[in-house]
Every structure is written in structure tokens, then in C-alpha cells.
Amino acid sequence: MNDPSIRNAGGAPNGRISGKGISMRRLLALCRKESYQIVRDPSNILIAFVLPVILLFLYGFAINLDVSLVRLGLLRLDDGPAAVSFEQQLRGNPVFELHPGASQAALQAAMSRGEIRGMVVIQSDFSSKWTHGQGAAIQVLTDGSEPNTANFVSSYVQGAFANWQAARAPLADGTPVPGLDLRSRAWYNPATISRDYLVPGSIAVVMTIIGALLTSLVVAREWERGTMEALLATPVTAAELLLSKILPYYVLGMVAMVLCTLVAVLLMGVPFRGSFLVLAGSSTLFLGAALGFGLFLSTTLRNQFNAAQAALTAGFLPAMMLSGFVFEIGSMPLPLRLLTRVFPARYFTSSLQTLFQAGTIPAILVPNDLCLALLMVFWLTLTARKTTRTLD
Amino acid sequence: MTEAATAIEVRGLLKRFPGAPAPALDQLTTAMRAGTITGLVGPDGAGKTTFLRTLAGLLSPSEGEVRVLGLDPCAQSAELREQIGYMPQKFGLYEDLSVLENLTLYADLRNVVGAERAAAFERLLAFTDLAAFTGRYAGKLSGGMKQKLGLACSLLGHPQILLLDEPGVGVDPISRRELWKMVRALAGDGMTVVWSTAYLDEAELCDDVRLMAEGRIRASGTPRELMDPMVGRCFQITQLADSPRSLLHRVLNAPEVIDGAIQGSAVRIVLREAEVFPDLARLGAGAEATFRAVPPRLEDAFISLLGGGPGGDSALAQVTQAREPDPALDPEGIIQARHLCKRFGAFQATDDVSFAVARGEIFGLLGPNGAGKSTTFKMECGLLKPTSGQALVMGLNLEHSPSQARQQLGYMAQKFSLYGQLSVRQNLLFFSEIYGLTGETQRFKVQQMVETFDLAPFLDTLAGELPLGFKQRLALACAVMHEPQVLFLDEPTSGVDPVTRREFWNHIHGLANKGVTIIVTTHFMDEAEYCDRIGLVYRGRLIALGRPDDLKQRCATPERPDPTMEDAFIALILEAEHE
């Protein structure tokens with residue numbers, strides 16, 4: 001045991017100076033360590049690669065703002081040709097599944113049981129009013145307890161009625177009017193458009209989770225496990241520490257971004273009309289802001305649980321509610337509209353929607369990217385200021 | 001040469017944390033010589049870790065001056081950092097990195113590269129016996145191996161100063177001894193080592209000792225210097241007529257005695273003044289009883305400095321009513337473990353553990369961290385389901401027995417498990433309600449606990465802000481308020497100062513005398529002596545079971561006729577490994 005060579009186990013002293021700036025060797029060593037930790041922790045892989053795919057499919061298929069098949073009750077109290085013709089119009093529309101009823105009471109009972117989503121009542125004087133041009137009308141009753149569906153039902157039926165009127169117009173005033181207005185078909189079947197619009201938004205949500213949630217854990221974990229103390233006792237600098245946390249998670253985030261885009265375009269059939277280079281640039285800026293935010297929480301709170309809570313509340317939730325992903329920012333009250341401006345997800349959602357649906361439109365993308373860059377600088381600077389070389 | 005003689009110098013060091021009522025370090029002035037091992041000893045909260053962190057430049061002093069190798073650790077950290085090796089309490093290892101990856105990381109960070117690195121790795125791996133495990137993740141190493149790897153990482157880059165923060169806590173005694181030998185070898189080569197520890201027996205081996213309590217250095221000197229005033233004051237009373245436990249109780253109340261402890265069938269005492277003995281006849285020690293001088297220990301010096309032990313009475317025992325034994329129960333098997341096995345995935349945490357604890361007996365479970373004592377303990381009180389085997393308390397399996405059975409049981413968890421955000425009074429009320437105390441009975445018991453444990457001044461203090469000793473008292477109060485017949489204590493004394501430890505054992509002895517059956521875990525080897533019987537747990541197996549004296553006698557050799565409990569443990573581990 002009494003080995004005299006132990007004293008010099010680390011080699012001879014050579015008076016190297018360190019402490020300032022960045023040593024590539026130390027930075028690489030720290031990045032390598034961080035990467036091993038990412039790869040070896042299954043929960044990271046789960047969050048970075050499995051969760052995005054699940055969320056994309058969830059948002060892409062489950063959150064659907066359209067109604068594909070409406071079970072509609074029909075009470076026709078009129079046997080005239082006009083009434084029969086309108087019924088045929090409704091039957092011919094694939095959106096509706098008609099449930100004819102004997103009485104209004106029976107249909108109302110069916111609606112309260114949830115068997116039908118709404119009902120159309122054609123009064124007994126419908127045909128005669130139509131024939132005499134007295135402004136024939138139908139009555140639409142919907143289930144107000146599901147306002148979204150109720151809206152769809154009433155607008156679908158209104159649309160169908162408008163179409164029917166347009167088609168029958170020559171009979172009324174004797175002048176033939178050519179064909180139907182084909183554009184109105186898009187109104188009936190907007191399902192694909194809804195997904196095209198939701199999927200890019202959900203990519204922003206997914207990237208917020210990866211950028212802010214994962215990084216909110218990493219610095220706090222070092223504090224909790226006591227490794228930060230050991231690191232700080234070495235010649236490592238604050239800049240190296242910070243960079244070693246940013247770079248590996250940036251790479252992870254970009255890989256997840258590529259995965260998300262591939263899933264959206266190849267598996268879900270969402271069109272991409274913009275430039276991939278611009279997409280990469282915007283993603284970089286967004287990840288910078290999200291990582292900076294997560295690291296800031298982790299560095300100040302020094303506790304994994306608290307930091308993750310904060311990241312979910314201040315990162316994930318606003319990305320869902322205030323990014324324009326589901327709820328349109330334009331229809332929010334002014335204070336909320338202003339609030340959305342501090343969340344990076346807002347700008348990223350807008351950029352993604354533009355790049356996927358419309359193309360590379362500088363008028364939208366440039367201001368978005370500038371705001372993201374500003375937020376990135378803000379959070380990273382704040383984190384850098386909080387990254388100290390002591391435990392105080 | 002004066003520069004070389006003093007490696008570390010501290011003058012008027014004061015460290016105050018924002019929000020804390022008292023400074024963590026209060027006017028420390030001391031110096032440490034180059035090439036020596038200085039032990040920082042004291043209970044939790046004494047300021048050991050804060051002091052080491054200040055030396056490492058990780059904390060800045062609020063006041064005063066710190067010089068390490070003549071440099072200011074904060075202002076000149078860049079120059080100093082490569083000269084200091086620092087091993088924090090949890091060893092600072094990355095559990096999901098292999099042994100070699102941990103070493104490589106720290107070598108890169110400490111600028112140890114090229115051929116120099118290869119040579120350093122080779123030497124350190126040989127030195128720490130880890131060469132065969134370079135590919136293993138640090139998280140999968142045993143406590144002793146982690147400790148050695150932590151040491152190896154902090155030794156990279158030729159430090160002249162080595163700061164070790166409680167390296168021996170919870171590590172098995174064999175690894176502790178090996179670590180000690182390594183550090184001794186390093187100091188022999190001129191390295192200055194500062195070693196913080198809660199174990200006073202560990203500090204006895206240091207060249208120089210600083211006894212710390214409440215942020216202050218209470219005594220400095222070599223172990224010999226510190227123990228000198230105790231010479232002629234330490235004796236063993238042997239050949240007792242009665243049980244050592246009852247004699248200890250009486251002898252601690254004698255005015256001539258400041259401290260005492262059970263040692264097997266004998267009682268070890270510390271006198272207030274040299275050669276002023278208590279009257280053995282009056283103490284009822286028996287006609288045969290005699291005094292035998294024994295060498296002083298550092299613990300004696302520390303207790304003497306702190307003003308002596310707490311006397312022999314347990315206020316708790318006085319208010320506890322003796323219970324008549326339940327004739328329906330087997331008095332020899334109040335607590336029973338029958339072939340207990342617990343498996344976590346591929347890991348066998350306990351393997352075929354069997355024992356029985358008699359009524360009024362104190363049974364100790366001893367072993368290093370991770371050996372399986374807490375697992376055994378938790379299965380016994382119904383908190384964990386055994387993979388196979390049975391755990392019975394008073395003939396019942398607590399895992400699926402009614403709450404009346406649990407009503408008979410008191411449990412004090414290893415970690416402080418009271419509500420830190422509730423005041424002392426609220427905690428007492430809450431736990432009394434949980435155990436179904438109401439109305440007058442509840443008021444009476446809460447008041448009784450407050451008086452018994454001197455909690456009155458702290459009634460409105462949040463439990464989380466109590467001094468450690470009082471936290472432990474409150475935890476015990478909450479565990480015994482409903483007068484349980486069986487008491488489970490999981491490391492009740494870890495981290496507390498030796499005087500509070502004495503007080504705790506007075507309570508435990510007092511309760512056992514009233515017929516309470518007690519099972520206790522500890523990693524203080526000397527505390528095993530307080531138990532009637534002990535079970536040694538090592539790597540999930542119960543490797544020995546018996547009275548402390550018998551276990552020690554099993555390992556007595558002509559060269560070592562009077563082995564300590566730690567000697568016995570090491571011998572028994574080696575014996576178990578040879579089988």
C-alpha cells in the first residue's frame with residue numbers, strides 16, 4: 001500500500017494556467033458525458049423520440065375540429081314536392097346520417113339520449129310557401145350542451161339549404177341558373193385542412209417539451225446528486241458548463257425536429273411548402289430560447305421536481321393555450337394577446353404553420369425569427385448570469 | 001520552509017447563510033500542517049461540510065481570511081483548483097457512467113492528458129483495486145468501491161491538498177479500513193489531507209483533530225493531546241452481580257460519573273475527576289465488581305467538553321407504564337422473521353433472513369449501507385412485501401393485518417419523516433390523532449411528551465427548523481406517544497452528537513425495562529454494545545446473530561484478546577466470504 005509513486009499519480013506539475021475562457025478538451029469531455037447520460041437514460045429517449053410521435057398522432061387525429069358524420073333527426077310535416085326534394089338533398093349529402101322521426105317529442109328524446117346531434121323540422125306549409133315564393137324556411141334544433149358540434153350541425157344544414165335553394169332557384173323565378181357553387185364543398189369537408197393546420201402547431205408543443213422540460217432537469221440533477229460540487233472543484237469554467245448543457249440538447253432537439261417533420265409529411269400526409277433551410281434556422285432559434293428557459297429554471301431552482309413543474313406550467317401550458325396552436329390569438333382579449341408575445345412557442349407555431357401550409361413568406365417569418373432570437377438571447381444571458389463558480 | 005509547514009490557514013472565518021439564524025461557521029481560527037491528516041469531527045450541522053467547501057473555494061467566507069497553500073481559494077481559484085482534490089459526500093460520481101468514463105471525465109477536466117493520463121490511470125486503478133471493473137457503471141458499484149473511485153477521481157492531477165467529506169459514512173468496515181490505509185499512504189508522501197467524519201473512532205487515527213460543534217472549533221490537538229485530560233478517568237466495571245443495563249442506569253446518576261456505556265457484560269464509565277470513584281457497594285454492583293482502568297477514547301474527551309452525558313434517567317421511561325405480558329403471545333417471539341427474502345428485479349436485497357426478538361429485548365440490526373438492513377426492517381413492520389418468507393409482529397403479519405395491530409407499533413423512520421411545515425405542537429397533535437388519541441387523553445399525552453422531551457420552548461417552531469437533536473426527539477415523541485408495545489427505530493442516532501446519542505439510548509433502555517420490544521438499526525459499531533442481541537447483515541444475508549460479547553469472543557485471537565465490535569464485524573465478514 002505504501003507506494004511512493006501514488007503521490008504523483010496525476011503526473012508531474014507543469015504550471016498550466018487555466019480558469020478563463022473555454023478549453024476545447026474540457027468542453028468535449030463534458031459534452032461526451034452529457035451525451036452518454038442522454039443516451040443511457042431511457043426516459044430521455046422516450047421523451048425525445050416516442051412522445052413526439054404519439055403527440056403528433058394524437059393532435060393530428062384525435063383533436064379534430066371537424067365533424068365527419070352528423071346523425072341528424074328529420075321531421076317532415078309536409079309531403080309537397082319541395083319538401084321531398086330538400087329531404088333528398090339532405091340524404092344525398094355524405095355528411096349526414098338521417099334519422100326520420102314521427103314527432104318532435106320523439107326526436108327531442110332521441111337528441112337528449114345522444115342518438116342524434118340535431119334535427120331539422122320542415123313545417124307543413126313549406127312546399128306551398130316555396131312555390132309561392134313566400135320565403136319558405138326550415139327549423140334547425142341543435143344540442144347546445146356541445147356548442148362546437150351544435151355550430152357545425154347548424155352551419156352544415158344551413159349550407160345544405162342554401163345549396164338546395166340555389167339549385168331550385170330556376171323553378172322559382174323561371175330563369176335557369178347554371179350549376180352549383182362548387183367552392184361550398186370545401187366548407188363541408190374541411191377535415192384535411194384542420195390537420196394540416198394542427199400538426200405544425202403540435203410540433204411546436206413537442207419541441208417545447210423537449211427543449212424546456214428535458215433541460216429543466218439536467219442542471220438540477222447535478223445539484224441533487226452532488227456531482228455539481230465535484231465539477232466545480234475542478235478547473236472547469238462557467239462557460240464550459242453552460243455550453244456542455246446546451247450543445248447536446250440542441251442536437252437532441254434537432255434530431256427530434258427532423259423526426260417530427262418526417263412523421264408529419266410522410267406518415268400524416270401534411271404538405272410542406274416552405275424551405276427546409278429556413279425551417280432549420282427557425283428551429284435553431286426556437287430551441288435556443290426553449291433550452292435557455294429550461295436551463296434557467298434548472299439553474300435557479302436546483303431541484304428537479306420544482307424545475308419540471310415550472311417548465312410544464314410556464315413552458316408546456318402556454319405552448320398549448322397561448323401559441324395559436326388551437327386557440328386563435330386574434331380572437332383573444334388584448335391582455336392575453338400581449339401575453340402571448342413573451343412565449344417563444346407563439347412565434348414558432350406561426351412560422352411552422354406558414355412553412356407547412358403557405359411556404360417561405362418573409363413578411364411573417366422574419367419578424368417571428370427576430371423575436372425568437374431576442375428571447376433566446378434573453379434566456380441564455382440570464383442563465384449565464386446565474387451560472388456561478390461557487391455554491392453560494 | 002514555514003510555507004511548507006502550514007498548508008492551510010484560517011483566521012476569523014465566519015460564514016453566514018441568508019435566512020439562517022446562526023452562522024454556519026463562527027470565528028474559526030486554525031491551521032493545518034502540510035503532510036498530515038487532520039480530522040474534522042462533529043455531529044451533523046456542526047459546520048464540517050461548510051468548512052471544507054470554503055477551503056475548496058466553493059463557498060466564499062462572509063468574514064475572515066482563508067489561505068490554502070498561501071492562496072485565497074475564492075480570488076485565486078484558478079491557480080488553486082489544480083492543487084486541490086475534493087471528494088464531496090456523495091463522492092461526486094456519475095452513476096450512469098462507467099468507472100473508466102468517470103475517470104476520463106475528471107482527467108479531462110483536470111488537464112491530465114496523454115502518457116501522463118495512461119500512467120495515472122494505471123496507478124490509480126491498481127491502488128484502488130478497480131482495474132477489473134473499469135467497464136462497470138458507477139451506480140452498480142458497492143459503497144466501498146464508489147468511495148474508492150471517488151477518491152481516485154479526486155486524486156487526478158497531482159493535488160497537494162485532499163479534502164474528503166465524510167468518506168466513511170455508511171461504508172462497510174473493511175472498505176473503511178482500506179480507504180484509511182490509502183489516505184495514510186498519500187499523507188506519507190506529503191499530501192495534506194482534511195478528513196471530515198461523524199465517527200469519533202475514525203478521528204482517533206488522524207494526526208490532528210478539530211472537534212467541531214455548532215459552527216465552532218471546540219478543541220484542537222492531536223488525539224493524544226485531546227485524550228490526555230481523560231487519563232485516569234476511564235474505567236470498566238466488571239464482574240457484575242446484576243445486568244449491566246441496570247447498573248449503567250444507577251452509575252450514570254452518581255455525581256462522580258459524567259458518562260457511561262455498556263460494553264458487553266461490563267459497564268464502561270468516565271469519571272468527573274481522576275481517581276474519584278463512585279461507591280460500588282452503594283450502586284449495588286455486587287461484591288465481586290471491580291474497576292479496571294481502560295484507555296481513554298476521543299469520544300470521552302468530546303463528551304467531557306460538551307459538559308458530560310445526560311445522566312441515567314429516561315424521562316420517557318418514567319412516564320411509560322409497565323405492561324403485563326400478553327399470555328396469548330410467545331414471549332420469545334414478539335417479533336419474528338422467518339426466511340425473509342426480498343428481490344428487486346435481479347437484485348437480492350435480503351436472502352433468507354431469520355431471527356426472533358423476545359419481549360423487552362433490544363435487538364440491533366447492523367450493517368453497511370445497502371446490506372439489506374433497512375429492507376429487512378421494512379418487511380418486518382409491513383411496509384414492504386417479502387418475495388418469500390414471513391414477517392410477524394406479535395403473531396400477526398402486518399402486511400394484511402387490521403389497524404389495531406399497527407396501533408401496538410411505534411415506528412421512527414431513518415429520514416426525518418415529520419411534517420417540516422407544521423409546528424412542533426401541530427406535529428404532536430397530528431400524530432396523536434392518527435393513533436386515535438382524543439379529548440383529555442390526547443391533551444394529557446401531548447403535554448407529557450412536551451415535558452418529557454423538553455419541547456416547550458419550541459412548541460411553535462416549525463419542525464423543519466428545529467436543531468437536529470430536537471428533530472430526533474420530536475420524531476421519537478411522535479413514535480411513542482400511543483405507548484406501543486413494539487418499537488421500530490431505523491438509524492435513530494445517525495448524525496447526532498454523542499450526548500444526544502446517550503440520551504436516546506437511555507430512553508431505549510428505559511422502554512425495554514418496561515417491557516417494550518425494540519428493534520433498531522445502526523451503522524455505529526459501538527452502539528451494537530447497547531443491544532441485547534445483534535444481527536450482522538452483509539450483502540443481504542444475516543451472517544451472524546448473537547449477544548455482542550459472544551460475537552466478539554468468536555473472533556478473539558491470542559494477538560487480539562479483546563476485539564472491538566468493528567474487529568468482530570470484519571472477521572465475521574471475512575469468515576462469511578470464505579464459506
# chains A, B, ... in the order shown; residues from 1 in each chain; ligands from 1
call {"tool": "residues_around", "arguments": {"residues": "stretch 503-514 of chain B", "least_positions_apart": "3", "cutoff": "7 Å", "atoms": "only C-alpha atoms", "output": "list in words"}}
result
Pro310, Gly312, Asp313, Ser314, Leu316, Ala317, Gln321, Ala322, Arg323, Gly360, Glu361, Ile362, Val499, Thr500, Thr517 and Ile518 of chain B
call {"tool": "write_last_selection", "arguments": {"atoms": "C-alpha atoms", "output": "PDB file, in the first residue's frame"}}
result
ATOM      1  CA  PRO B 310     -27.218  13.234  30.221  1.00  0.00           C
ATOM      2  CA  GLY B 312     -29.037   7.753  33.578  1.00  0.00           C
ATOM      3  CA  ASP B 313     -32.706   8.557  33.865  1.00  0.00           C
ATOM      4  CA  SER B 314     -35.058   8.441  30.976  1.00  0.00           C
ATOM      5  CA  LEU B 316     -39.734   8.839  28.817  1.00  0.00           C
ATOM      6  CA  ALA B 317     -39.384   5.566  30.696  1.00  0.00           C
ATOM      7  CA  GLN B 321     -46.464   2.356  32.169  1.00  0.00           C
ATOM      8  CA  ALA B 322     -45.136  -1.149  32.501  1.00  0.00           C
ATOM      9  CA  ARG B 323     -47.347  -3.557  30.610  1.00  0.00           C
ATOM     10  CA  GLY B 360     -38.458  -6.456  26.372  1.00  0.00           C
ATOM     11  CA  GLU B 361     -35.403  -7.229  24.277  1.00  0.00           C
ATOM     12  CA  ILE B 362     -33.349  -4.694  22.299  1.00  0.00           C
ATOM     13  CA  VAL B 499     -24.514  13.403  24.179  1.00  0.00           C
ATOM     14  CA  THR B 500     -27.847  13.203  22.360  1.00  0.00           C
ATOM     15  CA  THR B 517     -39.771  -4.855  22.487  1.00  0.00           C
ATOM     16  CA  ILE B 518     -37.362  -2.830  20.390  1.00  0.00           C
TER      17      ILE B 518
END
call {"tool": "residues_around", "arguments": {"residues": "stretch 58-62 of chain A", "least_positions_apart": "4", "cutoff": "7 Å", "atoms": "only C-alpha atoms", "output": "list of chain:residue names"}}
result
A:Ile54, A:Arg195, A:Leu198, A:Val199, A:Ser202
call {"tool": "write_last_selection", "arguments": {"atoms": "N, CA and C atoms", "output": "short mmCIF file (atom, residue, chain, number, x, y, z; two decimals), in the first residue's frame"}}
result
data_model
loop_
_atom_site.label_atom_id
_atom_site.label_comp_id
_atom_site.auth_asym_id
_atom_site.auth_seq_id
_atom_site.Cartn_x
_atom_site.Cartn_y
_atom_site.Cartn_z
N ILE A 54 -46.21 10.05 -30.66
CA ILE A 54 -47.53 9.86 -30.06
C ILE A 54 -48.33 11.16 -30.08
N ARG A 195 -56.17 19.23 -40.07
CA ARG A 195 -54.97 18.53 -39.66
C ARG A 195 -53.71 19.27 -40.12
N LEU A 198 -53.19 21.86 -37.63
CA LEU A 198 -52.90 21.45 -36.25
C LEU A 198 -51.53 20.81 -36.10
N VAL A 199 -51.12 20.01 -37.08
CA VAL A 199 -49.87 19.26 -36.92
C VAL A 199 -48.65 20.19 -36.78
N SER A 202 -48.63 21.44 -33.37
CA SER A 202 -48.28 20.48 -32.33
C SER A 202 -46.78 20.18 -32.34
#
call {"tool": "closest_residue", "arguments": {"among": "B:Tyr199, B:Tyr435, B:Tyr94, B:Phe355", "to": "chain A", "atoms": "only C-alpha atoms"}}
result
B:Tyr94
call {"tool": "interface_residues", "arguments": {"of": "chain B", "to": "chain A", "cutoff": "6 Å", "atoms": "only C-alpha atoms", "output": "ChimeraX atom specification"}}
result
/B:58-59,78,81,90,92,105,108-109,116,120,156-158,185,189
call {"tool": "residues_around", "arguments": {"residues": "B:Lys342", "least_positions_apart": "4", "cutoff": "10 Å", "atoms": "only C-alpha atoms", "output": "ChimeraX atom specification"}}
result
/B:347-353,372,375-376,379,384-389,540
call {"tool": "select_by_dssp", "arguments": {"residues": "stretch 205-363 of chain B", "states": "strand (DSSP E)", "output": "ChimeraX atom specification"}}
result
/B:208-213,216-221,234-238,257-263,266-271,290-293,335-344,347-357,362-363
call {"tool": "atom_distance", "arguments": {"atom1": "atom CA of A:Phe296", "atom2": "atom CA of A:Thr383"}}
result
4.7 Å
call {"tool": "atom_distance", "arguments": {"atom1": "atom CA of A:Ala48", "atom2": "atom CA of A:Asp369"}}
result
23.6 Å
